[in-house]
Amino acid sequence: MTQGEQCADLELLFLIADVSLGSSWYTASATSPVRCGELQSPAVTALTDLLQGHPASESLGCASPWCVEELGAVMASDTLVQELKARIRELEEELSTVQSKHESHRNKIEKMSAEVVDSNPYSRLMALKRMGIVEDYEKIRSFTVAVVGVGGVGSVTAEMLTRCGIGKLLLFDYDKVELANMNRLFFQPHQAGLSKVEAAEHTLRNINPDVQFEVHNYNITTIENFQHFMDRISKGGLKEGEPVDLVLSCVDNFEARMAINTACNELGQIWMESGVSENAVSGHIQLIKPGETACFACAPPLVVAANIDEKTLKRAGVCAASLPTTMGVVAGILVQNVLKYLLNFGTVSFYLGYNAMQDYFPTMSMKPNPSCSDRYCVQRQEEFKLKEAAKPKPEIVVKEETPVVHEENEWGIELVSEVSEEELKEASGPVPDLPEGITVAYTIPVTKPTSGATVEDSDQSLEELMAQMKNM
Ligand SMILES: [Zn+2]
């Protein structure tokens, strides 16, 4: 029997199995000859293995794919039918579990609602408006963020943005998920071997099907990919052709950071940098506005400044340490600042460090270097200066303070000053000479002479006065 014939025969066996389960395969196939490869039952592939070498399949010697007599003979083999039935049931169960795992548990939501019901995934986020923190939370759906590097920080960052309901996420990474990544958050052991971007997209789509995803499984530092990367951050917004709103660097090497820096300086794209130290106990985030704040090349780390190939720095057998805690903290402060920047609330940090040993969070901001090695950075600095000079001088608007009025004051209670303005003026003593902006809370009252008869000063000493009294 040739391999093709054997395959056709095995497919007949699957037909029998389907028949015994009441499938319509039998009727469909009985009217037309069956050839190898035509049948597409989900059980076919798996059952091929099971039937290899089975005595019943050996007994099928017929070269004709549809031989009723032989079918009958095999049908008579009860044990085989029972075995097949059981195996099919098993496979179907397995299939439905896998499908339910991969299928999204909810449909897309057209409009974010603030309705407080258990089924609304956005109720807690929309409550930020009611609490007076964010003016228009739903605006988050109009933003696109690119995350470069989907490792310990990037994957958690992407998850937080997905859960917050960001409009679109672009993910860039060329690594595969490894079991060595399991000390961090997000990825799971069963994803080992998959590309990080694909595994991440799968998980994230399941968490929030409202978010649009675009993933790129490549290294952005190669010339060809760099061009594509530039193209996607400048055109891959929610509306194709528009730039993304923010680029987040979550990479673990200087070469990739420099590539992001170069791209963002050229495009004038605002981005945020993040990093965790090799010893896993410190990290930082940094907001970079080309031309306005220092770029990554303005004050380069020694490795970059000295043009050292960082690959040569990696000592053989010594691997960088990492902690899920530090990476989680850095991802948290990164996304916190992304939300503040996009939704316009609070103060966005230009640089925020995290020292885990002392629980110290230093902040600072850095002006760009006029002699930066990146020519686009210098160009953006010139543009920024011109833009600033063209701006009208801001007028100092004195805000009138609105008096505090209690909404509910059914007793009509009022606060009245116990002393009049005049009394207050009269009671005030001399005001010390104070620098501008400092006022006194109170002054020492001017001492008034006490009432009653007073004696004139005389030059006599105390002894002389006592002698006079004795003589009286
Ligand atoms: Zn620069």
# chains A, B, ... in the order shown; residues from 1 in each chain; ligands from 1

$ residues_near_ligand --ligand "ligand 1" --cutoff "7 Å" --atoms "only C-alpha atoms and all ligand atoms" --output "list in words"
Ala294, Cys295, Phe296, Ala297, Cys298, Pro368, Asn369, Cys372, Ser373, Asp374, Cys377 and Val378 of chain A

$ write_last_selection --atoms "C-alpha atoms" --output "mmCIF file, in the first residue's frame"
data_model
loop_
_atom_site.group_PDB
_atom_site.id
_atom_site.type_symbol
_atom_site.label_atom_id
_atom_site.label_comp_id
_atom_site.auth_asym_id
_atom_site.auth_seq_id
_atom_site.Cartn_x
_atom_site.Cartn_y
_atom_site.Cartn_z
ATOM 1 C CA ALA A 294 17.991 67.543 27.185
ATOM 2 C CA CYS A 295 17.922 64.620 24.768
ATOM 3 C CA PHE A 296 19.696 61.315 25.334
ATOM 4 C CA ALA A 297 22.734 62.565 23.382
ATOM 5 C CA CYS A 298 22.891 65.964 25.165
ATOM 6 C CA PRO A 368 19.336 70.775 26.198
ATOM 7 C CA ASN A 369 23.001 71.015 25.313
ATOM 8 C CA CYS A 372 24.718 68.291 21.304
ATOM 9 C CA SER A 373 26.206 65.741 18.886
ATOM 10 C CA ASP A 374 22.750 65.139 17.348
ATOM 11 C CA CYS A 377 18.561 68.134 18.517
ATOM 12 C CA VAL A 378 20.388 71.423 17.840
#

$ atom_distance --atom1 "CA of Trp271 (chain A)" --atom2 "CA of Val148 (chain A)"
10.7 Å

$ select_by_dssp --residues "region 318-407 of chain A" --states "strand (DSSP E)" --output "ChimeraX atom specification"
/A:351-355,363-364

$ atom_distance --atom1 "CA of Leu161 (chain A)" --atom2 "CA of Ile140 (chain A)"
9.5 Å

$ closest_residue --among "A:Ala263, A:Met364, A:Val197, A:Leu246" --to "His228 (chain A)" --atoms "only C-alpha atoms"
A:Ala263

$ atom_distance --atom1 "CA of Ser96 (chain A)" --atom2 "CA of Arg205 (chain A)"
19.0 Å

$ residues_around --residues "region 165-178 of chain A" --least-positions-apart "5" --cutoff "6 Å" --atoms "only C-alpha atoms" --output "list of chain:residue names"
A:Ile140, A:Arg141, A:Ser142, A:Phe143, A:Thr144, A:Val145, A:Ala146, A:Val147, A:Val148, A:Gly149, A:Val150, A:Ala192, A:Gly193, A:Leu194, A:Ser195, A:Lys196, A:Val211, A:Gln212, A:Phe213, A:Glu214, A:Val215, A:His216, A:Asn217, A:Tyr218, A:Asn219
